[in-house]
Each structure stands twice: as structure tokens, then as C-alpha cells.
>>> print(open('data-v7.cif').read())   # mmCIF, C-alpha atoms
data_structure
#
loop_
_atom_site.group_PDB
_atom_site.id
_atom_site.type_symbol
_atom_site.label_atom_id
_atom_site.label_comp_id
_atom_site.auth_asym_id
_atom_site.auth_seq_id
_atom_site.Cartn_x
_atom_site.Cartn_y
_atom_site.Cartn_z
ATOM 1 C CA SER A 1 -263.416 -124.623 -16.530
ATOM 2 C CA GLN A 2 -261.217 -122.905 -19.050
ATOM 3 C CA LYS A 3 -260.091 -119.300 -19.003
ATOM 4 C CA PHE A 4 -260.049 -117.368 -22.283
ATOM 5 C CA LEU A 5 -257.917 -114.259 -21.981
ATOM 6 C CA PRO A 6 -258.113 -111.496 -24.581
ATOM 7 C CA PHE A 7 -255.340 -111.403 -27.161
ATOM 8 C CA ARG A 8 -252.317 -109.245 -26.553
ATOM 9 C CA GLU A 9 -251.374 -106.873 -29.362
ATOM 10 C CA ASP A 10 -248.666 -109.173 -30.741
ATOM 11 C CA GLN A 11 -251.100 -112.101 -30.683
ATOM 12 C CA ILE A 12 -253.801 -110.197 -32.564
ATOM 13 C CA LYS A 13 -251.300 -109.273 -35.273
ATOM 14 C CA GLN A 14 -250.251 -112.914 -35.633
ATOM 15 C CA TRP A 15 -253.929 -113.885 -35.809
ATOM 16 C CA ILE A 16 -254.526 -111.320 -38.576
ATOM 17 C CA LYS A 17 -251.585 -112.652 -40.611
ATOM 18 C CA ALA A 18 -252.675 -116.271 -40.142
ATOM 19 C CA THR A 19 -256.272 -115.474 -41.102
ATOM 20 C CA VAL A 20 -255.177 -113.607 -44.239
ATOM 21 C CA ARG A 21 -253.004 -116.608 -45.213
ATOM 22 C CA SER A 22 -255.842 -119.054 -44.556
ATOM 23 C CA GLU A 23 -258.078 -116.965 -46.845
ATOM 24 C CA GLY A 24 -255.416 -117.130 -49.574
ATOM 25 C CA GLY A 25 -254.207 -113.556 -49.258
ATOM 26 C CA VAL A 26 -251.000 -111.670 -48.568
ATOM 27 C CA ILE A 27 -250.761 -108.600 -46.325
ATOM 28 C CA SER A 28 -248.001 -106.112 -45.610
ATOM 29 C CA GLU A 29 -246.821 -105.511 -42.046
ATOM 30 C CA GLU A 30 -247.999 -101.897 -42.259
ATOM 31 C CA ALA A 31 -251.455 -103.034 -43.360
ATOM 32 C CA VAL A 32 -251.612 -105.432 -40.398
ATOM 33 C CA ASN A 33 -250.928 -102.474 -38.086
ATOM 34 C CA GLU A 34 -253.548 -100.311 -39.821
ATOM 35 C CA LEU A 35 -256.145 -103.075 -39.676
ATOM 36 C CA GLU A 36 -255.512 -103.695 -35.977
ATOM 37 C CA ILE A 37 -255.789 -99.976 -35.210
ATOM 38 C CA ALA A 38 -258.915 -99.523 -37.352
ATOM 39 C CA VAL A 39 -260.842 -102.541 -36.066
ATOM 40 C CA GLY A 40 -259.331 -103.311 -32.690
ATOM 41 C CA PHE A 41 -259.691 -106.722 -31.074
ATOM 42 C CA ASP A 42 -263.117 -107.664 -32.443
ATOM 43 C CA LEU A 43 -262.249 -111.010 -34.070
ATOM 44 C CA TRP A 44 -265.598 -111.408 -35.796
ATOM 45 C CA ARG A 45 -265.301 -108.000 -37.460
ATOM 46 C CA LEU A 46 -261.603 -108.530 -38.213
ATOM 47 C CA GLU A 47 -262.356 -111.789 -39.995
ATOM 48 C CA ASN A 48 -265.080 -110.145 -42.086
ATOM 49 C CA GLU A 49 -262.791 -107.240 -42.990
ATOM 50 C CA ILE A 50 -260.003 -109.676 -43.937
ATOM 51 C CA ILE A 51 -262.342 -111.654 -46.207
ATOM 52 C CA LYS A 52 -263.447 -108.381 -47.841
ATOM 53 C CA LEU A 53 -259.825 -107.274 -48.374
ATOM 54 C CA VAL A 54 -258.721 -110.649 -49.778
ATOM 55 C CA CYS A 55 -261.679 -110.714 -52.177
ATOM 56 C CA PHE A 56 -260.926 -107.146 -53.268
ATOM 57 C CA LYS A 57 -257.297 -108.007 -54.040
ATOM 58 C CA SER A 58 -258.002 -111.412 -55.623
ATOM 59 C CA GLY A 59 -258.354 -110.012 -59.132
ATOM 60 C CA ALA A 60 -255.591 -107.437 -58.878
ATOM 61 C CA SER A 61 -252.117 -107.859 -60.374
ATOM 62 C CA ASP A 62 -250.594 -106.930 -56.980
ATOM 63 C CA ARG A 63 -252.352 -109.243 -54.548
ATOM 64 C CA GLU A 64 -250.672 -107.909 -51.401
ATOM 65 C CA ILE A 65 -253.054 -105.998 -49.136
ATOM 66 C CA GLY A 66 -251.529 -102.608 -48.354
ATOM 67 C CA THR A 67 -252.362 -99.658 -46.135
ATOM 68 C CA ALA A 68 -254.175 -97.910 -48.974
ATOM 69 C CA ASP A 69 -256.495 -100.923 -49.313
ATOM 70 C CA VAL A 70 -257.230 -100.908 -45.576
ATOM 71 C CA ALA A 71 -257.878 -97.155 -45.619
ATOM 72 C CA LYS A 72 -260.166 -97.499 -48.656
ATOM 73 C CA LEU A 73 -262.212 -100.508 -47.566
ATOM 74 C CA VAL A 74 -262.192 -100.680 -43.770
ATOM 75 C CA ALA A 75 -264.301 -98.227 -41.845
ATOM 76 C CA SER A 76 -262.344 -97.220 -38.791
ATOM 77 C CA GLU A 77 -263.982 -97.957 -35.474
ATOM 78 C CA ASN A 78 -265.704 -94.702 -34.612
ATOM 79 C CA GLN A 79 -265.781 -95.672 -30.988
ATOM 80 C CA SER A 80 -262.039 -95.386 -30.393
ATOM 81 C CA THR A 81 -262.304 -94.960 -26.724
ATOM 82 C CA VAL A 82 -260.212 -93.023 -24.336
ATOM 83 C CA PHE A 83 -259.515 -96.351 -22.657
ATOM 84 C CA GLU A 84 -257.872 -97.707 -25.811
ATOM 85 C CA PHE A 85 -255.822 -94.517 -25.893
ATOM 86 C CA THR A 86 -254.732 -94.792 -22.281
ATOM 87 C CA ASP A 87 -253.982 -98.505 -22.718
ATOM 88 C CA ALA A 88 -251.758 -97.651 -25.680
ATOM 89 C CA LEU A 89 -249.973 -95.052 -23.554
ATOM 90 C CA ALA A 90 -249.535 -97.502 -20.701
ATOM 91 C CA THR A 91 -248.009 -100.108 -23.008
ATOM 92 C CA ARG A 92 -245.769 -97.466 -24.615
ATOM 93 C CA ASN A 93 -247.311 -97.996 -28.036
ATOM 94 C CA ARG A 94 -246.740 -94.447 -29.270
ATOM 95 C CA LEU A 95 -247.973 -95.009 -32.817
ATOM 96 C CA LYS A 96 -251.273 -96.489 -31.703
ATOM 97 C CA ALA A 97 -251.689 -93.821 -29.002
ATOM 98 C CA LEU A 98 -251.148 -91.013 -31.508
ATOM 99 C CA VAL A 99 -253.538 -92.511 -34.058
ATOM 100 C CA ILE A 100 -256.261 -92.948 -31.435
ATOM 101 C CA LEU A 101 -255.610 -89.478 -29.980
ATOM 102 C CA HIS A 102 -256.124 -87.913 -33.411
ATOM 103 C CA LYS A 103 -259.313 -89.929 -33.880
ATOM 104 C CA LEU A 104 -260.609 -88.806 -30.498
ATOM 105 C CA ILE A 105 -259.889 -85.159 -31.247
ATOM 106 C CA ASP A 106 -261.384 -85.457 -34.755
ATOM 107 C CA ALA A 107 -264.487 -87.033 -33.199
ATOM 108 C CA GLY A 108 -264.856 -83.965 -30.998
ATOM 109 C CA LYS A 109 -263.774 -85.421 -27.654
ATOM 110 C CA ASN A 110 -262.915 -82.697 -25.174
ATOM 111 C CA GLU A 111 -259.156 -82.329 -24.700
ATOM 112 C CA ASN A 112 -259.564 -81.722 -20.951
ATOM 113 C CA TYR A 113 -261.472 -84.995 -20.662
ATOM 114 C CA ILE A 114 -258.706 -86.837 -22.539
ATOM 115 C CA LEU A 115 -256.077 -85.265 -20.274
ATOM 116 C CA SER A 116 -258.011 -86.187 -17.131
ATOM 117 C CA MET A 117 -258.300 -89.799 -18.322
ATOM 118 C CA MET A 118 -254.549 -89.888 -18.982
ATOM 119 C CA ALA A 119 -253.966 -88.675 -15.423
ATOM 120 C CA TYR A 120 -256.423 -91.291 -14.122
ATOM 121 C CA GLN A 121 -254.600 -94.078 -16.003
ATOM 122 C CA PHE A 122 -251.166 -93.066 -14.776
ATOM 123 C CA ARG A 123 -252.419 -92.557 -11.218
ATOM 124 C CA ASN A 124 -253.744 -96.120 -11.272
ATOM 125 C CA LEU A 125 -250.478 -97.421 -12.713
ATOM 126 C CA LEU A 126 -248.562 -95.593 -9.999
ATOM 127 C CA GLN A 127 -250.850 -96.989 -7.315
ATOM 128 C CA ILE A 128 -250.490 -100.572 -8.601
ATOM 129 C CA LEU A 129 -246.704 -100.232 -8.872
ATOM 130 C CA ASP A 130 -246.505 -98.839 -5.344
ATOM 131 C CA LEU A 131 -248.517 -101.767 -3.983
ATOM 132 C CA LEU A 132 -246.438 -104.310 -5.925
ATOM 133 C CA GLU A 133 -243.162 -102.773 -4.748
ATOM 134 C CA SER A 134 -244.375 -102.828 -1.151
ATOM 135 C CA GLY A 135 -244.775 -106.602 -1.488
ATOM 136 C CA GLU A 136 -248.533 -106.735 -1.801
ATOM 137 C CA ASN A 137 -249.982 -109.951 -3.243
ATOM 138 C CA GLN A 138 -251.375 -109.537 -6.803
ATOM 139 C CA GLN A 139 -254.690 -111.093 -5.785
ATOM 140 C CA ASN A 140 -255.250 -108.309 -3.223
ATOM 141 C CA LEU A 141 -254.413 -105.377 -5.494
ATOM 142 C CA ALA A 142 -257.925 -104.777 -6.814
ATOM 143 C CA SER A 143 -259.570 -104.595 -3.399
ATOM 144 C CA ILE A 144 -256.837 -102.415 -1.882
ATOM 145 C CA ALA A 145 -256.627 -100.026 -4.848
ATOM 146 C CA LYS A 146 -260.426 -100.079 -5.328
ATOM 147 C CA ILE A 147 -259.956 -100.789 -9.029
ATOM 148 C CA HIS A 148 -261.838 -103.501 -10.937
ATOM 149 C CA PRO A 149 -259.849 -106.785 -10.979
ATOM 150 C CA TYR A 150 -259.925 -106.923 -14.788
ATOM 151 C CA VAL A 151 -258.365 -103.449 -14.998
ATOM 152 C CA VAL A 152 -255.687 -104.408 -12.469
ATOM 153 C CA GLN A 153 -254.912 -107.578 -14.424
ATOM 154 C CA LYS A 154 -254.529 -105.537 -17.634
ATOM 155 C CA MET A 155 -252.306 -102.995 -15.875
ATOM 156 C CA ILE A 156 -249.788 -105.359 -14.274
ATOM 157 C CA PRO A 157 -247.780 -105.994 -17.487
ATOM 158 C CA SER A 158 -247.774 -102.246 -18.231
ATOM 159 C CA VAL A 159 -246.648 -101.358 -14.724
ATOM 160 C CA LYS A 160 -243.545 -103.489 -15.118
ATOM 161 C CA GLN A 161 -242.392 -101.290 -18.024
ATOM 162 C CA PHE A 162 -242.010 -98.236 -15.766
ATOM 163 C CA SER A 163 -239.948 -97.297 -12.747
ATOM 164 C CA TYR A 164 -241.617 -95.628 -9.787
ATOM 165 C CA VAL A 165 -239.695 -92.399 -10.455
ATOM 166 C CA GLU A 166 -240.718 -92.428 -14.121
ATOM 167 C CA LEU A 167 -244.403 -92.988 -13.344
ATOM 168 C CA SER A 168 -244.332 -90.272 -10.671
ATOM 169 C CA ARG A 169 -242.827 -87.819 -13.151
ATOM 170 C CA ILE A 170 -245.402 -88.683 -15.832
ATOM 171 C CA TYR A 171 -248.285 -88.402 -13.366
ATOM 172 C CA GLN A 172 -247.121 -85.006 -12.140
#
>>> encode(input="data-v7.cif", output="C-alpha cells")
Amino acid sequence: SQKFLPFREDQIKQWIKATVRSEGGVISEEAVNELEIAVGFDLWRLENEIIKLVCFKSGASDREIGTADVAKLVASENQSTVFEFTDALATRNRLKALVILHKLIDAGKNENYILSMMAYQFRNLLQILDLLESGENQQNLASIAKIHPYVVQKMIPSVKQFSYVELSRIYQ
């Protein structure tokens, strides 16, 4: 068997750049960020959007894909979820978190719901960190914390970016 893990944010950005190059295009770093935020980690959709952008810029005098091109041609994912927002917070990606937060508010998501999901995310991070610091085995975390194993696996790298005191303060 072979395990296929989802891309990390840095990997998806490298994939975007490589795909643009393979299609014969050039893209600015800011446009890579915008494209990743707008589309997310859906590789099939990303590839289609990249092909569209490269074709659009192929006849232009300035062939570099910029943020204005992404904004003009790429429909932002309307389903920016609260989970993407809380993941961005947990990984300390402030820019992405703010962009998604504005999208959520613009889409009419209730602010109290967003706040409760933030509290839920940081409570889970605090719980995982507490278990890790008490010497608990990573394989047992999901069953002890009563959190889905996939969620625990996604949280472990984020947990390591915070101290217990810092997470406690944020949660409170």
C-alpha cells in the first residue's frame, strides 16, 4: 500500500509554480498566494485555473500572471469553510486567516458561530498539546481526546508552534 498525504501549504505553492512553468507561463509570488487562497487544495481545479490564466496571458505583452489576473479570472471558492479559517489560525497564517474571515463574513456566516469554532479549534490544540506534553503516544491521541484521527494528525504540526501557556491564553 502507499499513503498519499495532502499537500502542505508550501508544497501546494511549489506545485502551482511548477504547473504554471510546465504550461509555459510565468506567475508572480503574490498571484501564487491569491490562487492558493481562491481555489484551495483542489488540484484538478487548480490545474484548470492555471491553464485558463496561461492562455489568457499568452497573447499579452506582459506574460506574467499577476494578482489582478487571478482576481479577474478565478472565481473564489464560495465554500471557504470555517475549518479552513481555523486551520489558517492554527498554522499562524495570518494573511490567509484574514482573507478567509472576510469571505466568511461577506458570505453571511454568523460571527458567534465563527468565534465558537475558533474556540473549538484552540481547545482541541490545547488538549492535544497537553496529551503530548504528558508523554502520551501519538497513536493514542485520537481515542483519548475523542477527536477524529485525521484531525489529530493535521493538528500535531500546528501544536508544536505554540507553548502551553500561549495556547491557554488564546483559548481563554
>>> closest_atom_pairs(input="data-v7.cif", of="stretch 64-137 of chain A", to="stretch 153-156 of chain A", cutoff="10 Å", atoms="only C-alpha atoms", output="Markdown table")
| residue | atom | partner | partner_atom | distance |
| --- | --- | --- | --- | --- |
| A:Asp87 | CA | A:Met155 | CA | 8.4 |
| A:Ala90 | CA | A:Met155 | CA | 7.8 |
| A:Thr91 | CA | A:Met155 | CA | 8.8 |
| A:Gln121 | CA | A:Met155 | CA | 9.2 |
| A:Asn124 | CA | A:Met155 | CA | 8.4 |
| A:Leu125 | CA | A:Met155 | CA | 6.7 |
| A:Ile128 | CA | A:Ile156 | CA | 7.5 |
| A:Leu129 | CA | A:Ile156 | CA | 8.1 |
| A:Leu132 | CA | A:Ile156 | CA | 9.1 |
>>> closest_residue(input="data-v7.cif", among="A:Lys52, A:Glu9, A:Glu111, A:Ser134", to="A:Ala88", atoms="all atoms listed in the file")
A:Glu9
>>> closest_residue(input="data-v7.cif", among="A:Ile147, A:Val159, A:Ile16, A:Leu115", to="A:Glu133", atoms="all atoms listed in the file")
A:Val159
>>> resolve_selection(input="data-v7.cif", expression="the PyMOL selection byres ((chain A and resi 171) around 8)", output="number ranges by chain")
A: 119, 122-123, 126, 167-170, 172
>>> atom_distance(input="data-v7.cif", atom1="atom CA of A:Phe7", atom2="atom CA of A:Glu36")
11.7 Å
>>> axis_aligned_box(input="data-v7.cif", around="stretch 2-16 of chain A", padding_each_side="4 Å", output="JSON")
{"center_x": -254.9, "center_y": -114.9, "center_z": -28.8, "size_x": 20.6, "size_y": 24.0, "size_z": 27.6}
>>> atom_distance(input="data-v7.cif", atom1="atom CA of A:Val82", atom2="atom CA of A:Tyr120")
11.0 Å
>>> resolve_selection(input="data-v7.cif", expression="the PyMOL selection byres ((chain A and resi 65) around 6)", output="VMD selection string")
chain A and resid 27 64 66
>>> closest_residue(input="data-v7.cif", among="A:Val39, A:Ile12, A:Ile50, A:Ala60", to="A:Gly24", atoms="all atoms listed in the file")
A:Ile50
